Protein chains: 4
Amino acid sequence: MPLTSSLPDPATAAALAAFENVRDKSLELASQLSDADATAQSMEDASPAKWHLAHTSWFFEEFLLAPAFGEDVRYDPAFAYLFNSYYDAVGERHARPMRGLLTRPSLDEVRAYRAHVDQHMKRLIEQDVEAIHELLELGLSHEQQHQELLLTDILHLFAQNPLRPAFRSILDKTSDTQAAPLNWTKHGAAIAKIGHDGSGFAFDCETPSHDAIIRPFELANRAVTNGEWLKFMESGGYSLSRYWLSDGFAAAKANGWKAPHYWFEQNDTWYTMTLLGAQPVNLEAPVTHISFFEADAFATWADARLPTEQEWEFAARGEETMSGNDAGAKHYQPQVQSDEERTYLFGDVWEWTASAFRPYPGFKIAEGAVGEYNGKFMSGQMVLRGGSCATPEGHIRASYRNFFHPDKRWQFSGLRLARDVN
Amino acid sequence: MPLTSSLPDPATAAALAAFENVRDKSLELASQLSDADATAQSMEDASPAKWHLAHTSWFFEEFLLAPAFGEDVRYDPAFAYLFNSYYDAVGERHARPMRGLLTRPSLDEVRAYRAHVDQHMKRLIEQDVEAIHELLELGLSHEQQHQELLLTDILHLFAQNPLRPAFRSILDKTSDTQAAPLNWTKHGAAIAKIGHDGSGFAFDCETPSHDAIIRPFELANRAVTNGEWLKFMESGGYSLSRYWLSDGFAAAKANGWKAPHYWFEQNDTWYTMTLLGAQPVNLEAPVTHISFFEADAFATWADARLPTEQEWEFAARGEETMSGNDAGAKHYQPQVQSDEERTYLFGDVWEWTASAFRPYPGFKIAEGAVGEYNGKFMSGQMVLRGGSCATPEGHIRASYRNFFHPDKRWQFSGLRLARDVN
Amino acid sequence: MPLTSSLPDPATAAALAAFENVRDKSLELASQLSDADATAQSMEDASPAKWHLAHTSWFFEEFLLAPAFGEDVRYDPAFAYLFNSYYDAVGERHARPMRGLLTRPSLDEVRAYRAHVDQHMKRLIEQDVEAIHELLELGLSHEQQHQELLLTDILHLFAQNPLRPAFRSILDKTSDTQAAPLNWTKHGAAIAKIGHDGSGFAFDCETPSHDAIIRPFELANRAVTNGEWLKFMESGGYSLSRYWLSDGFAAAKANGWKAPHYWFEQNDTWYTMTLLGAQPVNLEAPVTHISFFEADAFATWADARLPTEQEWEFAARGEETMSGNDAGAKHYQPQVQSDEERTYLFGDVWEWTASAFRPYPGFKIAEGAVGEYNGKFMSGQMVLRGGSCATPEGHIRASYRNFFHPDKRWQFSGLRLARDVN
Amino acid sequence: MPLTSSLPDPATAAALAAFENVRDKSLELASQLSDADATAQSMEDASPAKWHLAHTSWFFEEFLLAPAFGEDVRYDPAFAYLFNSYYDAVGERHARPMRGLLTRPSLDEVRAYRAHVDQHMKRLIEQDVEAIHELLELGLSHEQQHQELLLTDILHLFAQNPLRPAFRSILDKTSDTQAAPLNWTKHGAAIAKIGHDGSGFAFDCETPSHDAIIRPFELANRAVTNGEWLKFMESGGYSLSRYWLSDGFAAAKANGWKAPHYWFEQNDTWYTMTLLGAQPVNLEAPVTHISFFEADAFATWADARLPTEQEWEFAARGEETMSGNDAGAKHYQPQVQSDEERTYLFGDVWEWTASAFRPYPGFKIAEGAVGEYNGKFMSGQMVLRGGSCATPEGHIRASYRNFFHPDKRWQFSGLRLARDVN
């Protein structure tokens, strides 16, 4: 009789399993990092791995544990100051560009902090999973976002090191697969439902669901490849202003862009820094680590354009599955998109769209600190769609909106071409 | 019989009249400026008055005279280098931030340059108005845009001078009019035609005309006033992050924004620098010289939002006339919007919208250097609608899209509130 | 009898003559400048000509007229704010980098300001020349310093203009004189008197007179020529770090120094911007517009060194006259130093010395605002000696210490070699 | 008989002992640092502890091992690129501001690198100590300089961490000793020998020995205390421009200086960050972490001045011993100078002098890469004398010249007053 009461009910069990799964994955990603690797910050846009591990724990502590169990539940009150990221409503926080100077707490102590949070979170889940379900889901999706950032930030850090260390050793044999020939899929005019339709979790910015006018367009069957990008480079693409947005050309000149981020030439061969260390550029694989400005210039050069986010989502709604080369596949780099039957909308590279990241019609900011989630970033950024080789398994969906400033290059960002049908 | 041949045909006469009208207006605006006033550049965003006068002439020389009459028609070949603005396709140009160091040519010589261009332009118009009609219209609209910039740039320059000189002396008696009470006009759901419909001149970015979904919304009957803005300030609006976009709050802190640009407090009274010199802030008049970030924060504070550019245009299409307080009225500052029967959509202040400046569906960049007109600025900027007290008479229309980066404040920019109807 | 009383006594007459002479010279220098020329500021280090004309007048108004006649004597109280330069004790002042935005008052009004000050200054001199003699001399020497800056600042401004306007037209025929062969003058060990010895005017930093140990050294008979500099350039001098001070090499790389300031190459010929417009570089004339860092690197390359300021002054004390190619000669550029019998210590180019600008032993800062004259600049700058082609006639002396930061290049600065005698 | 040959001769034994002593001390200093502590770089002026440990080893490898044993002796050829500091002649090097991103090699591997170098260095010493004696001494003095920097750089790093970790725990009980009353020691006129006199090791910049004129002066018996500094602060010293050099006042305003570096106020008490963690400011102890600009302003405020480096050395030559509170004492912070009989010229704080760091008369730069040692830094820096609480035991001497830019504050820098005797 009391026996059964000690068994978690299915909802609780599922929540516990989901929680452990996501939390373990973070630790696993950091498992081959040294204390120093996990501490360094290679630029203001990036954060130390240790910070990602701690900040995602702070999120649970701040929004779930402290409200439920009181302030005493905190592992160390100073951590609220150190590991808050941008939630102004929650109080002062440590300056972002100084994160790399936090040599203490050590990586080991951050692991202890995580264990402390995990223990109390499990207690809380077991206590009343219903009451916290929404914030729990948000916290786990939030942690998954930081898992992807942990990967892109470590890549950026290791790329600054002349020794070019590898995050993971190469598992794959070098593939000699070829990219599928470029084909165009026609889509007719429509009034499409855009945005999250209500089943399952979604971030605030994916709502509300609303109608959008779709004009006839064509979408490429795969992402642009490194080989195609090389042609753009060889035709002078980086130095001909006519292909570029004005701010883009200025950025290209100011930053000396001549090739995708991480590319370098040695003995007439192009190499690129990857999570597997420096590798020869695979001309058949999707190009990545390009800015929106470069993607837009390439599309103009190719006599095409980027799809709008509505067009992209309209095409992706037809997808039966969301499978692709995500972080679950553990390649940690884009793979050749060789199959003519597939669309490759998910995985490999985030695809820059033509759309500025702005609120959907009727968008409302949620009450409280959690309301700071996405709404306040809705200026100056462009939408990317589809997830990448660094996106956690199960994290992506057709309505998912990622966003970065148009000059950012350290994410696994690429592009897919679209064009009008006349 | 030969007599009639010396009379210009009606189209030629109209073109000549339009040309003279616009060209004279530029000189008239500069008529009270000294050589030094017309030379100085107060920031990189602004240009010297002399440069505006010369650049608009270079436009005609470059795109009309030289193609028609050959290179010898140029007044001075060096001017092509000095007075090109951003047309990369046309060649190298003088660095923008250095414009204020061009003490030579003098203002008088720039006037001579204008006379030279005018003389040959008239010859060209008389020769074959049909052939050049499109570029002529573009050149004149282009010059009108620079007329407005000449005003905003001179205001910025004079505002840096502790003596606070006036561009024009005050003609108006101080008005004791009161702003109309704030009312909301309801607009129902619709599929609206957006963009230039083909009659008369329009800039490239206003095309193509296309359908847009309008959801039910309400629009305020007038712009936000200085008095309303003061309430926002007094309630701590500038220091409470919850009203602000993240980039906006960062800009406000970095630049020390505490009030609209040009406002200053003296003996507990707010003053503002205007084209008529320093003036007490008129609490009933529309607020101006605010950034998009401030406009957006104000709207959030007011539990409303900015209209999209589609909503704005949808509302403005209902307007019978486009009359308002533009530069033709020679007030050179926003006037109190007191009449409850009017919408004040045109004139007084440019109204920031919620829309990023991006291409309309199907937008194509024109061939040649003229194709650089607006397309390449379609990133990072926000759309403003409706014209201002500095917009030349006859220059504005319902489909007109102005655009500036969201942190810019030296234009006559204000806002009008909108809100959803549920 | 009363007749004689209306005749100024000789001291008064001499003071009036000196005053008029210096004041007229300033106006004469500005006589060919337009209002715009006189208003623009081409960099933070430079000031507009109009500002030089006004500031030197403000000095008399502030330190002589207002104390003697009261505040009502001021032409315009706002000018004290606009035209104070760095005298903190006197009150707030207009920000230095904004000087070029003061399009009002106009050049004509500044001339009226000068006339106003002149009139009252003459009244004050006639009233009691004895009481003001010291400050009067300081004010005139101060104005002469600004006359030299007016020339170097106008040169810098005109050099930014692609039209390369000339301050004065060329009077001289191009000379085919050759520089004297390089000879070395030996100086033996000594205890030398250094600093101003008390006769006539001197700036505070030239005092007190004191003993210095001179070790045996040799000094070149003339300044380094453009031809010799070209050899340094051609031997890779600008890119070989071993010749350079560390901060100097960093400055050279950061600023892209490849040749003296104002040099530019066209069709394989070196030209340089001068007060007479662009001119071919005369290889026989002294090199000028080089920084201390470049001078020091050249000396190291030449297996020599720069003289200390004590060595320079020790050598110059032997000079019977201080004549040389100064601004009184109206060449406005360095002339070939061809005469083997002369030392050319005065005129042509300021000679960088090896000495940091620090106080002489026993130096005391004067009381009051005038005490801010030189003392507070005694860090981070290097001493130059001997005057240049832009130094007013009669302004220079053997004990004169000029000083600039080691990376400054817009003055007429050159170098003379020295070396140890073993 | 052959037995004795296996015993090192006394010179070899002494060299081995000296080598081991210095090398062990570096490891000892780093013994409580984590991998992350040793990797982070808190500003461009500072270097990671790991870098100090590796760079000092590279020095031996580059200038002693590779010449003697060939390139194969190197531990890892890439380290020459990573751990060269500023020796341009030796080749390209890793950019200084990026040192903190070298998470690999790890601290453990750097220790292995050190062991490798130590092993080969011992072999080289045993082989022929005579041949390498000079470079060996230079290498050890060089390493001692980096030991001091390791301490000041770690302090700077830990001061950025809100947790304020301690480098060492407090050994001392808080002392209630009082500073000795301020007394002045008179020194008469003299011709003094300045510079290294030839016995024992000295850096290049301490030579050649030469005569200098000393004028009568008085020197304070101890350094300025925190309590005296607080009086300067309370009298408005930081905001009154009349005490300051112009560049100094600009630096104070630009950087918001209101107190010595590392001071912070909490509950009306002043604290300071130290190598022992945050501590209340001891008003009796010498003030430290002040710039030259502040030291100079304080001296002016106190109606005194800084001593010249010649005066300081002249006074220090009278010292029988060079003992003081150096790093050998393991206090790691300045101690109260309480004994009226002592001069405290050595230890506690480096004393800013009035002298710019320039070459002594007759100074010659040594041949080869080692010649880059000090000569190329002889511009823009000021001389400090006497060593500090972080200076290794046995490293200091009367002729020792330390030097930093006048705005630097992270060293243990303080001041001692001097004044003229009339």
# chains A, B, ... in the order shown; residues from 1 in each chain; ligands from 1

call {"tool": "select_by_dssp", "arguments": {"residues": "region 219-393 of chain C", "states": "helix (DSSP H, G or I)", "output": "JSON, numbers by chain"}}
result
{"C": [226, 227, 228, 229, 230, 231, 232, 233, 234, 237, 238, 239, 241, 242, 243, 246, 247, 248, 249, 250, 251, 252, 253, 254, 255, 292, 293, 294, 295, 296, 297, 298, 299, 300, 301, 309, 310, 311, 312, 313, 314, 315, 316, 317, 327, 328, 329, 369, 370, 371, 372, 375, 376, 377]}

call {"tool": "write_last_selection", "arguments": {"atoms": "N, CA and C atoms", "output": "compact mmCIF listing (two decimals), in the first residue's frame"}}
result
# COMPACT_ATOMS: atom_id res chain seq x y z
N ASN C 226 66.44 65.34 -46.87
CA ASN C 226 65.47 64.42 -47.47
C ASN C 226 66.16 63.30 -48.22
N GLY C 227 67.27 63.61 -48.85
CA GLY C 227 68.00 62.58 -49.59
C GLY C 227 68.54 61.51 -48.66
N GLU C 228 69.07 61.96 -47.52
CA GLU C 228 69.57 60.99 -46.55
C GLU C 228 68.41 60.17 -45.99
N TRP C 229 67.29 60.82 -45.81
CA TRP C 229 66.12 60.10 -45.30
C TRP C 229 65.64 59.04 -46.28
N LEU C 230 65.69 59.38 -47.55
CA LEU C 230 65.28 58.43 -48.58
C LEU C 230 66.15 57.16 -48.53
N LYS C 231 67.43 57.36 -48.23
CA LYS C 231 68.31 56.18 -48.11
C LYS C 231 67.86 55.29 -46.95
N PHE C 232 67.49 55.94 -45.87
CA PHE C 232 66.96 55.19 -44.72
C PHE C 232 65.72 54.39 -45.13
N MET C 233 64.83 55.04 -45.85
CA MET C 233 63.62 54.37 -46.32
C MET C 233 63.96 53.20 -47.23
N GLU C 234 64.86 53.45 -48.15
CA GLU C 234 65.20 52.43 -49.14
C GLU C 234 65.94 51.25 -48.53
N GLY C 237 64.37 50.97 -43.47
CA GLY C 237 64.38 51.55 -42.12
C GLY C 237 63.05 51.49 -41.40
N TYR C 238 61.97 51.67 -42.13
CA TYR C 238 60.66 51.72 -41.46
C TYR C 238 60.16 50.35 -41.02
N SER C 239 60.76 49.29 -41.55
CA SER C 239 60.21 47.97 -41.22
C SER C 239 61.17 47.10 -40.40
N SER C 241 62.70 46.45 -36.97
CA SER C 241 62.45 46.87 -35.59
C SER C 241 63.73 47.18 -34.84
N ARG C 242 64.86 46.69 -35.31
CA ARG C 242 66.06 46.86 -34.48
C ARG C 242 66.51 48.31 -34.37
N TYR C 243 66.05 49.18 -35.26
CA TYR C 243 66.43 50.58 -35.16
C TYR C 243 65.52 51.37 -34.23
N SER C 246 60.62 50.63 -28.81
CA SER C 246 59.47 49.72 -28.88
C SER C 246 58.17 50.47 -29.14
N ASP C 247 57.92 51.54 -28.39
CA ASP C 247 56.70 52.33 -28.61
C ASP C 247 56.71 52.97 -30.00
N GLY C 248 57.89 53.28 -30.48
CA GLY C 248 58.01 53.90 -31.79
C GLY C 248 57.65 52.93 -32.90
N PHE C 249 58.14 51.70 -32.79
CA PHE C 249 57.84 50.72 -33.83
C PHE C 249 56.35 50.40 -33.83
N ALA C 250 55.78 50.32 -32.63
CA ALA C 250 54.33 50.10 -32.54
C ALA C 250 53.56 51.25 -33.20
N ALA C 251 54.00 52.48 -32.95
CA ALA C 251 53.33 53.63 -33.56
C ALA C 251 53.48 53.60 -35.08
N ALA C 252 54.66 53.23 -35.55
CA ALA C 252 54.90 53.19 -36.99
C ALA C 252 53.99 52.16 -37.66
N LYS C 253 53.84 51.01 -37.00
CA LYS C 253 52.97 49.99 -37.58
C LYS C 253 51.51 50.39 -37.49
N ALA C 254 51.10 50.89 -36.32
CA ALA C 254 49.69 51.24 -36.13
C ALA C 254 49.25 52.33 -37.10
N ASN C 255 50.15 53.26 -37.40
CA ASN C 255 49.79 54.39 -38.26
C ASN C 255 50.22 54.23 -39.70
N PHE C 292 59.57 62.11 -33.24
CA PHE C 292 60.75 61.76 -32.46
C PHE C 292 61.12 60.30 -32.69
N PHE C 293 60.11 59.45 -32.76
CA PHE C 293 60.39 58.02 -32.92
C PHE C 293 61.16 57.77 -34.22
N GLU C 294 60.74 58.45 -35.28
CA GLU C 294 61.45 58.29 -36.56
C GLU C 294 62.85 58.88 -36.48
N ALA C 295 62.96 60.05 -35.86
CA ALA C 295 64.27 60.68 -35.74
C ALA C 295 65.22 59.77 -34.98
N ASP C 296 64.73 59.17 -33.90
CA ASP C 296 65.57 58.30 -33.09
C ASP C 296 65.97 57.05 -33.88
N ALA C 297 65.03 56.49 -34.64
CA ALA C 297 65.34 55.30 -35.45
C ALA C 297 66.37 55.64 -36.53
N PHE C 298 66.20 56.80 -37.15
CA PHE C 298 67.17 57.20 -38.17
C PHE C 298 68.57 57.32 -37.56
N ALA C 299 68.65 57.95 -36.39
CA ALA C 299 69.95 58.14 -35.77
C ALA C 299 70.60 56.79 -35.45
N THR C 300 69.80 55.83 -34.96
CA THR C 300 70.34 54.51 -34.67
C THR C 300 70.82 53.84 -35.96
N TRP C 301 70.01 53.96 -37.00
CA TRP C 301 70.38 53.41 -38.31
C TRP C 301 71.70 54.01 -38.80
N GLU C 309 69.38 67.88 -24.98
CA GLU C 309 69.09 69.31 -25.10
C GLU C 309 70.22 70.14 -24.49
N GLN C 310 70.93 69.57 -23.53
CA GLN C 310 72.06 70.30 -22.94
C GLN C 310 73.20 70.44 -23.97
N GLU C 311 73.46 69.37 -24.69
CA GLU C 311 74.51 69.45 -25.72
C GLU C 311 74.12 70.48 -26.78
N TRP C 312 72.85 70.44 -27.16
CA TRP C 312 72.41 71.37 -28.19
C TRP C 312 72.58 72.81 -27.73
N GLU C 313 72.16 73.06 -26.50
CA GLU C 313 72.22 74.43 -25.98
C GLU C 313 73.67 74.87 -25.78
N PHE C 314 74.50 73.95 -25.34
CA PHE C 314 75.92 74.22 -25.17
C PHE C 314 76.53 74.65 -26.52
N ALA C 315 76.16 73.94 -27.57
CA ALA C 315 76.67 74.29 -28.90
C ALA C 315 76.10 75.63 -29.38
N ALA C 316 74.84 75.85 -29.09
CA ALA C 316 74.17 77.06 -29.59
C ALA C 316 74.63 78.31 -28.85
N ARG C 317 75.11 78.17 -27.64
CA ARG C 317 75.58 79.34 -26.92
C ARG C 317 76.77 79.99 -27.63
N ALA C 327 60.05 82.34 -39.97
CA ALA C 327 58.88 82.82 -40.71
C ALA C 327 59.08 84.21 -41.28
N GLY C 328 60.00 84.96 -40.67
CA GLY C 328 60.28 86.31 -41.19
C GLY C 328 60.80 86.25 -42.62
N ALA C 329 61.47 85.14 -42.97
CA ALA C 329 62.01 85.00 -44.32
C ALA C 329 60.92 84.66 -45.34
N ALA C 369 46.88 81.50 -12.57
CA ALA C 369 46.56 80.78 -13.81
C ALA C 369 47.74 80.77 -14.77
N VAL C 370 48.53 81.84 -14.78
CA VAL C 370 49.67 81.87 -15.68
C VAL C 370 50.67 80.78 -15.32
N GLY C 371 50.61 80.33 -14.08
CA GLY C 371 51.49 79.24 -13.65
C GLY C 371 51.21 77.95 -14.39
N GLU C 372 50.07 77.87 -15.05
CA GLU C 372 49.77 76.66 -15.84
C GLU C 372 50.54 76.66 -17.15
N GLY C 375 54.54 74.09 -16.99
CA GLY C 375 54.88 73.06 -16.01
C GLY C 375 54.02 71.82 -16.13
N LYS C 376 52.75 72.01 -16.37
CA LYS C 376 51.88 70.85 -16.33
C LYS C 376 52.01 69.95 -17.56
N PHE C 377 52.81 70.37 -18.52
CA PHE C 377 53.01 69.53 -19.70
C PHE C 377 54.28 68.69 -19.60

call {"tool": "interface_residues", "arguments": {"of": "chain A", "to": "chain D", "cutoff": "7 Å", "atoms": "only C-alpha atoms", "output": "PyMOL selection string"}}
result
chain A and resi 35-37+39-40+42+101-103+157+160-161

call {"tool": "residues_around", "arguments": {"residues": "region 128-131 of chain B", "least_positions_apart": "6", "cutoff": "9 Å", "atoms": "only C-alpha atoms", "output": "list in words"}}
result
Ala11, Thr12 and Ala15 of chain B

call {"tool": "atom_distance", "arguments": {"atom1": "CA of Ile154 (chain A)", "atom2": "CA of Ala166 (chain A)"}}
result
9.6 Å

call {"tool": "atom_distance", "arguments": {"atom1": "CA of Leu140 (chain A)", "atom2": "CA of Phe363 (chain A)"}}
result
22.8 Å

call {"tool": "residues_around", "arguments": {"residues": "Tyr113 (chain D)", "least_positions_apart": "6", "cutoff": "9 Å", "atoms": "only C-alpha atoms", "output": "ChimeraX atom specification"}}
result
/D:54,57,75-76

call {"tool": "atom_distance", "arguments": {"atom1": "CA of Leu135 (chain C)", "atom2": "CA of Phe201 (chain C)"}}
result
10.5 Å

call {"tool": "residues_around", "arguments": {"residues": "region 204-215 of chain A", "least_positions_apart": "6", "cutoff": "7 Å", "atoms": "only C-alpha atoms", "output": "MDAnalysis selection string"}}
result
chainID A and resid 188:197 311 359:360 362:363 374:375 399:401
